[in-house]
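Colleague: entry.cif is the file, holding mmCIF, C-alpha atoms:
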data_my_file
loop_
_atom_site.label_atom_id
_atom_site.label_comp_id
_atom_site.auth_asym_id
_atom_site.auth_seq_id
_atom_site.Cartn_x
_atom_site.Cartn_y
_atom_site.Cartn_z
CA MET A 14 4.56 64.79 71.74
CA LYS A 15 2.74 63.41 68.84
CA VAL A 16 4.18 60.31 67.30
CA ASN A 17 3.35 59.84 63.67
CA HIS A 18 2.94 56.17 63.10
CA LYS A 19 2.97 55.59 59.41
CA HIS A 20 1.58 52.14 58.64
CA LYS A 21 2.85 50.59 55.47
CA THR A 22 -0.16 49.05 53.74
CA PRO A 23 0.73 45.59 52.49
CA GLN A 24 0.51 45.56 48.71
CA SER A 25 -1.22 42.65 46.91
CA GLY A 26 -1.22 41.81 43.21
CA PHE A 27 1.54 41.73 40.62
CA SER A 28 4.12 44.21 39.71
CA LEU A 29 4.21 45.43 36.12
CA LEU A 30 7.31 43.40 35.36
CA GLU A 31 5.75 40.20 36.72
CA LEU A 32 2.64 40.88 34.69
CA LEU A 33 4.59 41.41 31.50
CA ILE A 34 6.60 38.25 32.02
CA GLY A 35 3.42 36.32 32.78
CA VAL A 36 1.78 37.57 29.58
CA VAL A 37 4.80 36.62 27.48
CA LEU A 38 5.02 33.17 29.00
CA SER A 39 1.26 32.64 28.61
CA SER A 40 1.46 33.67 24.94
CA MET A 41 4.25 31.18 24.31
CA ILE A 42 2.29 28.39 25.93
CA PHE A 43 -0.87 29.36 24.06
CA LEU A 44 1.01 29.36 20.75
CA ALA A 45 2.51 25.95 21.42
CA VAL A 46 -0.83 24.43 22.41
CA THR A 47 -2.62 25.94 19.40
CA SER A 48 0.05 24.61 17.02
CA LEU A 49 -0.17 21.19 18.58
CA ILE A 50 -3.95 21.06 18.30
CA THR A 51 -3.79 22.24 14.67
CA VAL A 52 -1.22 19.55 13.82
CA LEU A 53 -3.26 16.86 15.56
CA LEU A 54 -6.50 17.85 13.85
CA THR A 55 -4.85 18.12 10.42
CA SER A 56 -3.07 14.79 10.73
CA ASN A 57 -6.25 13.13 11.94
CA SER A 58 -8.23 14.49 9.00
CA ARG A 59 -5.54 13.59 6.46
CA SER A 60 -5.18 10.17 7.99
CA LYS A 61 -8.92 9.54 7.57
CA GLN A 62 -8.81 10.61 3.92
CA LEU A 63 -5.82 8.41 3.18
CA ASP A 64 -7.53 5.52 4.94
CA GLU A 65 -10.56 6.05 2.71
CA LEU A 66 -8.39 5.86 -0.42
CA GLU A 67 -6.53 2.82 0.89
CA GLN A 68 -9.76 1.01 1.72
CA THR A 69 -11.18 1.77 -1.74
CA LYS A 70 -7.97 0.48 -3.31
CA ASN A 71 -8.13 -2.77 -1.32
CA ASP A 72 -11.77 -3.28 -2.26
CA LEU A 73 -11.09 -2.69 -5.96
CA VAL A 74 -8.08 -5.00 -6.01
CA GLN A 75 -10.10 -7.79 -4.44
CA GLU A 76 -13.19 -7.29 -6.64
CA LEU A 77 -11.36 -6.95 -9.96
CA SER A 78 -8.87 -9.74 -9.19
CA ASN A 79 -11.50 -12.31 -8.21
CA THR A 80 -13.85 -11.43 -11.07
CA THR A 81 -11.08 -11.53 -13.67
CA ARG A 82 -9.66 -14.83 -12.44
CA TRP A 83 -12.91 -16.74 -12.18
CA GLY A 84 -15.60 -14.68 -13.92
CA GLY A 85 -15.44 -16.20 -17.39
CA ASP A 86 -15.21 -14.46 -20.74
CA ILE A 87 -13.53 -11.08 -20.80
CA THR A 88 -14.40 -8.31 -23.25
CA LEU A 89 -12.39 -5.16 -23.27
CA THR A 90 -13.46 -1.87 -24.84
CA ASP A 91 -10.40 0.32 -25.19
CA ASN A 92 -11.46 3.94 -25.69
CA ALA A 93 -9.34 7.04 -25.66
CA GLU A 94 -11.65 8.61 -23.09
CA GLN A 95 -12.38 5.65 -20.85
CA ASP A 96 -12.18 1.92 -20.96
CA SER A 97 -14.86 -0.54 -20.04
CA LEU A 98 -14.40 -4.10 -18.93
CA LYS A 99 -17.00 -6.86 -19.29
CA ILE A 100 -16.51 -10.15 -17.52
CA GLY A 101 -18.80 -13.15 -17.66
CA PRO A 102 -21.22 -14.89 -19.98
CA VAL A 103 -23.51 -12.74 -22.16
CA GLY A 104 -26.61 -11.76 -20.27
CA ILE A 105 -25.08 -12.05 -16.82
CA GLU A 106 -21.83 -10.23 -17.45
CA LYS A 107 -20.39 -7.64 -15.07
CA THR A 108 -19.55 -4.34 -16.72
CA TYR A 109 -17.00 -2.07 -15.06
CA LEU A 110 -16.58 1.56 -16.10
CA ILE A 111 -16.34 5.08 -14.72
CA GLU A 112 -19.65 6.90 -14.31
CA ASN A 113 -19.89 10.32 -12.63
CA GLY A 114 -16.49 9.95 -10.98
CA ALA A 115 -17.19 6.51 -9.56
CA LEU A 116 -16.24 3.07 -10.72
CA THR A 117 -19.43 1.14 -11.29
CA ARG A 118 -20.38 -2.48 -11.77
CA ASN A 119 -23.49 -2.76 -13.94
CA GLY A 120 -24.35 0.84 -13.10
CA ILE A 121 -23.94 0.40 -9.34
CA ARG A 122 -21.23 2.38 -7.63
CA ILE A 123 -18.49 0.20 -6.09
CA THR A 124 -16.22 2.99 -4.85
CA SER A 125 -16.72 5.24 -1.84
CA ASP A 126 -18.66 8.48 -2.37
CA GLN A 127 -15.68 10.28 -0.79
CA VAL A 128 -13.45 9.10 -3.63
CA THR A 129 -13.41 10.25 -7.26
CA VAL A 130 -12.00 7.80 -9.79
CA THR A 131 -10.23 9.77 -12.51
CA LYS A 132 -8.73 6.96 -14.57
CA PHE A 133 -9.66 3.38 -15.34
CA ASN A 134 -7.40 1.96 -18.01
CA VAL A 135 -7.41 -1.72 -18.93
CA ASP A 136 -4.98 -3.39 -21.33
CA GLU A 137 -4.79 -7.00 -22.47
CA ARG A 138 -1.32 -8.46 -22.05
CA SER A 139 -1.84 -12.10 -22.91
CA GLY A 140 -0.68 -13.55 -26.21
CA VAL A 141 -3.49 -16.12 -26.11
CA ASN A 142 -7.09 -14.91 -26.48
CA SER A 143 -8.61 -17.52 -24.19
CA LEU A 144 -6.10 -16.81 -21.42
CA SER A 145 -6.62 -13.13 -20.68
CA SER A 146 -4.14 -11.30 -18.52
CA LEU A 147 -5.16 -7.77 -17.72
CA GLU A 148 -3.15 -4.79 -16.63
CA ILE A 149 -5.55 -2.38 -14.94
CA GLU A 150 -4.46 1.14 -14.03
CA ILE A 151 -6.61 3.16 -11.68
CA GLU A 152 -6.19 6.73 -10.47
CA MET A 153 -8.34 8.26 -7.79
CA GLU A 154 -8.47 11.27 -5.54
CA ASN A 155 -10.27 12.39 -2.43
CA LYS A 156 -13.46 14.29 -3.26
CA GLY A 157 -12.93 17.01 -0.67
CA PHE A 158 -9.16 17.34 -0.99
CA LYS A 159 -8.06 16.70 -4.55
CA ALA A 160 -4.41 16.92 -3.50
CA ILE A 161 -4.81 13.57 -1.75
CA LYS A 162 -4.45 11.10 -4.60
CA ASP A 163 -3.51 7.52 -5.22
CA ASN A 164 -2.77 5.53 -8.32
CA PHE A 165 -2.05 1.85 -8.66
CA ARG A 166 -1.82 -1.00 -11.11
CA ILE A 167 -3.40 -4.44 -10.84
CA VAL A 168 -2.15 -7.33 -12.94
CA VAL A 169 -4.45 -10.35 -12.93
CA SER A 170 -4.73 -13.40 -15.18
CA LYS A 171 -7.77 -15.45 -16.00
CA ARG A 172 -7.57 -18.91 -14.54
CA ILE A 173 -7.92 -22.08 -16.55
CA THR A 174 -11.06 -23.75 -15.24
CA GLN A 175 -11.60 -26.34 -17.93
CA ILE A 176 -9.12 -28.89 -19.12
CA SER A 177 -9.66 -30.36 -22.55
CA VAL A 178 -8.07 -33.76 -23.01
CA MET B 15 7.55 41.50 62.77
CA TYR B 16 5.17 40.68 59.96
CA ARG B 17 6.28 38.67 56.94
CA GLN B 18 4.66 40.23 53.90
CA LYS B 19 2.67 37.60 52.01
CA SER B 20 3.17 37.91 48.26
CA SER B 21 0.92 36.21 45.69
CA GLY B 22 1.84 35.04 42.20
CA PHE B 23 4.69 32.90 40.88
CA LEU B 24 8.37 33.39 41.00
CA ILE B 25 10.21 33.67 37.67
CA LEU B 26 11.96 30.45 38.55
CA GLU B 27 8.67 28.60 39.10
CA SER B 28 7.32 29.88 35.78
CA LEU B 29 10.44 28.85 33.90
CA LEU B 30 10.28 25.43 35.48
CA ALA B 31 6.67 25.03 34.40
CA ILE B 32 7.55 26.01 30.84
CA VAL B 33 10.44 23.55 30.74
CA ILE B 34 8.22 20.71 31.95
CA PHE B 35 5.54 21.66 29.41
CA GLY B 36 8.18 21.77 26.68
CA ILE B 37 9.36 18.28 27.60
CA LEU B 38 5.78 17.01 27.33
CA ILE B 39 5.36 18.63 23.92
CA VAL B 40 8.64 17.18 22.67
CA SER B 41 7.60 13.73 23.80
CA ILE B 42 4.27 13.95 21.95
CA PHE B 43 5.75 14.87 18.56
CA PRO B 44 7.66 11.58 18.17
CA THR B 45 4.37 9.80 18.80
CA ILE B 46 2.76 11.73 15.96
CA ASN B 47 5.81 10.96 13.82
CA PHE B 48 5.44 7.27 14.64
CA MET B 49 1.78 7.41 13.59
CA PHE B 50 2.77 8.89 10.22
CA LYS B 51 5.45 6.23 9.73
CA ARG B 52 2.96 3.52 10.57
CA MET B 53 0.59 4.94 7.97
CA HIS B 54 3.36 4.88 5.38
CA ARG B 55 4.29 1.31 6.25
CA THR B 56 0.71 0.18 5.65
CA LYS B 57 0.82 1.92 2.29
CA TYR B 58 4.17 0.26 1.41
CA ASP B 59 2.78 -3.13 2.43
CA ALA B 60 -0.14 -2.59 0.04
CA GLN B 61 2.16 -1.48 -2.79
CA GLY B 62 4.45 -4.45 -2.17
CA SER B 63 1.47 -6.81 -2.25
CA LEU B 64 0.40 -5.47 -5.64
CA LEU B 65 3.92 -5.96 -7.02
CA LEU B 66 3.94 -9.48 -5.61
CA GLN B 67 0.60 -10.20 -7.27
CA GLU B 68 1.89 -8.77 -10.53
CA GLY B 69 4.89 -11.12 -10.54
CA MET B 70 2.74 -14.15 -9.80
CA GLU B 71 0.06 -13.30 -12.36
CA VAL B 72 2.60 -12.65 -15.12
CA ALA B 73 4.28 -15.99 -14.39
CA TYR B 74 0.91 -17.77 -14.41
CA ASN B 75 0.00 -16.29 -17.77
CA VAL B 76 3.40 -17.01 -19.32
CA PHE B 77 3.39 -20.66 -18.25
CA SER B 78 -0.27 -21.11 -19.18
CA ALA B 79 0.25 -19.67 -22.63
CA ASN B 80 3.47 -21.56 -23.42
CA SER B 81 3.60 -25.33 -23.61
CA ASP B 82 7.39 -25.42 -23.83
CA TRP B 83 8.52 -24.83 -20.27
CA SER B 84 12.13 -25.58 -21.11
CA LEU B 85 12.32 -21.98 -22.34
CA TYR B 86 12.53 -20.99 -18.67
CA PRO B 87 15.49 -22.72 -16.98
CA VAL B 88 14.99 -23.54 -13.33
CA GLY B 89 17.22 -22.89 -10.34
CA ALA B 90 17.33 -20.69 -7.27
CA ASP B 91 20.18 -18.72 -8.83
CA LYS B 92 18.17 -17.78 -11.90
CA ILE B 93 16.22 -14.62 -11.28
CA TYR B 94 13.51 -13.57 -13.72
CA LYS B 95 11.71 -10.33 -14.36
CA PRO B 96 8.40 -9.64 -16.13
CA ILE B 97 8.74 -8.00 -19.53
CA ARG B 98 6.44 -6.90 -22.32
CA ILE B 99 7.05 -8.36 -25.73
CA GLY B 100 6.30 -6.95 -29.14
CA ALA B 101 3.87 -4.37 -30.38
CA LEU B 102 1.02 -5.83 -28.35
CA GLU B 103 3.20 -5.75 -25.22
CA THR B 104 2.24 -9.24 -24.15
CA TRP B 105 3.74 -10.71 -20.99
CA GLY B 106 7.01 -12.55 -20.97
CA LEU B 107 9.69 -13.57 -18.49
CA GLU B 108 13.33 -12.78 -18.95
CA LEU B 109 16.41 -13.63 -16.94
CA GLY B 110 17.81 -10.64 -15.14
CA ASN B 111 17.33 -8.33 -12.19
CA GLU B 112 14.76 -5.60 -12.24
CA GLY B 113 15.82 -2.16 -11.15
CA LEU B 114 14.12 -0.46 -8.25
CA LEU B 115 10.36 -0.49 -8.67
CA GLN B 116 8.45 2.64 -7.64
CA THR B 117 11.79 3.98 -6.30
CA ARG B 118 11.86 1.62 -3.38
CA PHE B 119 10.91 -2.01 -4.13
CA THR B 120 12.98 -4.95 -5.33
CA ARG B 121 11.27 -7.97 -6.87
CA GLU B 122 12.76 -11.37 -7.65
CA ILE B 123 11.01 -14.18 -9.49
CA VAL B 124 12.57 -17.60 -9.22
CA ILE B 125 11.43 -20.82 -10.87
CA VAL B 126 12.28 -24.11 -9.19
CA GLU B 127 11.45 -27.74 -9.78
CA VAL B 128 8.65 -29.67 -8.11
CA CYS B 129 10.04 -32.75 -6.39
CA ARG B 130 8.02 -35.90 -5.71
CA ASN B 131 8.81 -39.19 -4.02
CA ALA B 132 8.15 -42.62 -5.48
CA ALA B 133 4.52 -42.46 -4.33
CA GLY B 134 4.00 -39.22 -6.25
CA GLU B 135 3.73 -37.08 -3.11
CA ARG B 136 5.39 -33.71 -3.07
CA ILE B 137 8.61 -33.39 -1.14
CA SER B 138 10.65 -30.29 -0.34
CA THR B 139 12.62 -28.75 -3.14
CA PRO B 140 16.30 -28.28 -2.21
CA LEU B 141 17.61 -24.75 -1.75
CA SER B 142 19.29 -24.95 -5.13
CA GLY B 143 15.86 -25.27 -6.74
CA LEU B 144 16.84 -28.52 -8.46
CA CYS B 145 15.50 -31.89 -7.39
CA ALA B 146 17.61 -34.95 -6.72
CA PRO B 147 17.89 -37.21 -9.76
CA GLY B 148 14.68 -39.13 -10.38
CA THR B 149 12.46 -36.93 -8.19
CA ALA B 150 11.78 -33.99 -10.49
CA ASP B 151 8.20 -33.60 -11.76
CA ALA B 152 8.54 -32.65 -15.42
CA SER B 153 5.00 -31.26 -15.53
CA GLY B 154 5.37 -29.08 -12.50
CA ARG B 155 7.05 -25.82 -11.64
CA ILE B 156 7.08 -23.63 -8.55
CA VAL B 157 7.28 -19.89 -9.08
CA ARG B 158 8.51 -17.97 -6.06
CA THR B 159 8.14 -14.19 -6.01
CA THR B 160 9.79 -12.08 -3.32
CA VAL B 161 9.33 -8.36 -2.85
CA THR B 162 11.56 -6.41 -0.49
CA TRP B 163 12.03 -2.76 0.37
CA ASP B 164 14.38 -0.82 2.58
CA GLU B 165 12.50 0.28 5.66
CA PRO B 166 13.22 -0.42 9.34
CA GLY B 167 11.08 -3.30 10.51
CA ALA B 168 9.71 -4.17 7.08
CA LYS B 169 9.60 -7.89 6.30
CA PRO B 170 9.93 -9.27 2.76
CA LEU B 171 6.72 -10.38 1.07
CA GLN B 172 6.89 -13.79 -0.53
CA ALA B 173 4.45 -15.97 -2.40
CA GLU B 174 4.68 -19.34 -4.12
CA LEU B 175 2.70 -20.55 -7.11
CA LEU B 176 2.50 -24.22 -8.00
CA LEU B 177 1.98 -24.81 -11.71
CA THR B 178 1.02 -28.14 -13.20
CA LYS B 179 0.89 -28.92 -16.88
CA PHE B 180 -1.79 -31.41 -17.74
CA THR B 181 -1.06 -33.58 -20.74
CA SER B 182 -3.20 -36.23 -22.32
CA SER B 183 -1.89 -39.71 -21.86
#
Here is the file; what I need is its structure written in the form of structure tokens.
Modeller:
Amino acid sequence: MKVNHKHKTPQSGFSLLELLIGVVLSSMIFLAVTSLITVLLTSNSRSKQLDELEQTKNDLVQELSNTTRWGGDITLTDNAEQDSLKIGPVGIEKTYLIENGALTRNGIRITSDQVTVTKFNVDERSGVNSLSSLEIEIEMENKGFKAIKDNFRIVVSKRITQISV
Amino acid sequence: MYRQKSSGFLILESLLAIVIFGILIVSIFPTINFMFKRMHRTKYDAQGSLLLQEGMEVAYNVFSANSDWSLYPVGADKIYKPIRIGALETWGLELGNEGLLQTRFTREIVIVEVCRNAAGERISTPLSGLCAPGTADASGRIVRTTVTWDEPGAKPLQAELLLTKFTSS
């Protein structure tokens, strides 16, 4: 009598259902990781651009404040298009104005090349000619991403360095 | 009896892995949020510093340009604000509180007396801003500017300016 032994071959691999579930779960994880990386990269880039603007602002505040306080005579040219500011004795004065999107001092750029200065407005607020007090408004934006902007106002008064008795 | 060996992950194991991954993701986002807040705080500190400087510089110009300091009564309870006067919008100081500056900052300018002892050395000005009789320096003033803003962990910015009026004897 013949006995038919049917051997059941052990099956390896995944069933269709397991495969589908695995694909769905993998897609969810992939989506989450991609979003996270995008957010991290974007925030890092934006953070760098904002840092650039902040650093430029700090530098300008320090430069303009110190020069105005102690630099000597101040001459202001108030134009509709752009203002220029001259500080110091004739011949060795420092001239500040916007040139090609940068704030310059005697023609030399003093702002970062990643930053475009769009406004440099200076007004005299002192009632006494020899005691200048300037209100300086500056607007700037990031060169690559114009949406990243900053604007600020510096108020600085010339210091009395000579006392006449 | 053979136990069939199956490869792959159980649904339960996969779900557990996703939950753990989700917890990690959720814990990272507050860190990113904290970084953004930190960035904003640095920006607010810088804005506050500029407002502080503005208050001090206006006060310096006003007192330098005016010889009659009695126009500006002293006292810790008298709060001043910078104003612009006339067509030329020159600086002035006026009693009164400023509204919110740049939607978030509050600035107070206070003028107090400079107190000196018999030897002419400076001594602390009382909290009221007025010196004890006989110790007030008529040619001196202290201008205190304080800038505050509402943000968790933010500390007020304060600066003091000592002004001295030189007169010929």
Colleague: Expand the PyMOL selection byres ((chain A) within 10 of (chain B)) into the explicit residue set it covers here, and present it as a PyMOL selection string.
Modeller: chain A and resi 23-28+31-32+34-35+38-39+41-42+45-46+49+52-53+56-57+60+63-64+67+70-71+74+78+82+136-148+165-173+176-178
Colleague: Using CA of Gly104 (chain A) and CA of Arg118 (chain A) as the two end points, give the distance in Å to one decimal.
Modeller: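 Spanning CA of Gly104 (chain A) to CA of Arg118 (chain A) is a straight-line distance of 14.0 Å.
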Colleague: Mind giving me the straight-line distance from CA of Thr88 (chain A) to CA of Ile100 (chain A) in Å, one decimal?
Modeller: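 Interatomic distance here is 6.4 Å.
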Colleague: Quick check, in Å to one decimal: how far apart do CA of Leu177 (chain B) and CA of Ile149 (chain A) lie?
Modeller: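 Calculated distance between CA of Leu177 (chain B) and CA of Ile149 (chain A) is 23.9 Å.
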Colleague: Can you list, as a list in words, every protein, DNA or RNA residue that comes within 10 Å of region 134-149 of chain B when you count all atoms listed in the file, leaving out same-chain residues fewer than 5 positions away?
Modeller: Val88, Gly89, Ala90, Asp91, Lys92, Val124, Ile125, Val126, Glu127, Val128, Cys129 and Ile156 of chain B
Colleague: Could you state which residues are captured by the PyMOL selection byres ((chain B and resi 164-167) around 10) in this file, as a VMD selection string?
Modeller: chain B and resid 55 58 118 to 120 162 to 163 168 to 170
Colleague: Mind telling me what the PyMOL selection byres ((chain A and resi 122) around 12) catches here, as a ChimeraX atom specification?
Modeller: /A:69,73,108-121,123-130
Colleague: Residues at most 6 Å from Glu122 (chain B), counting all atoms listed in the file, excluding those fewer than 6 positions away in the same chain, as a PyMOL selection string?
Modeller: chain B and resi 93+159-160
Colleague: For each of A:Phe43, A:Leu89, A:Thr80, A:Ser48, take the minimum atom-to-atom distance to Gly101 (chain A), counting only C-alpha atoms, then give the residue where this is smallest.
Modeller: A:Thr80
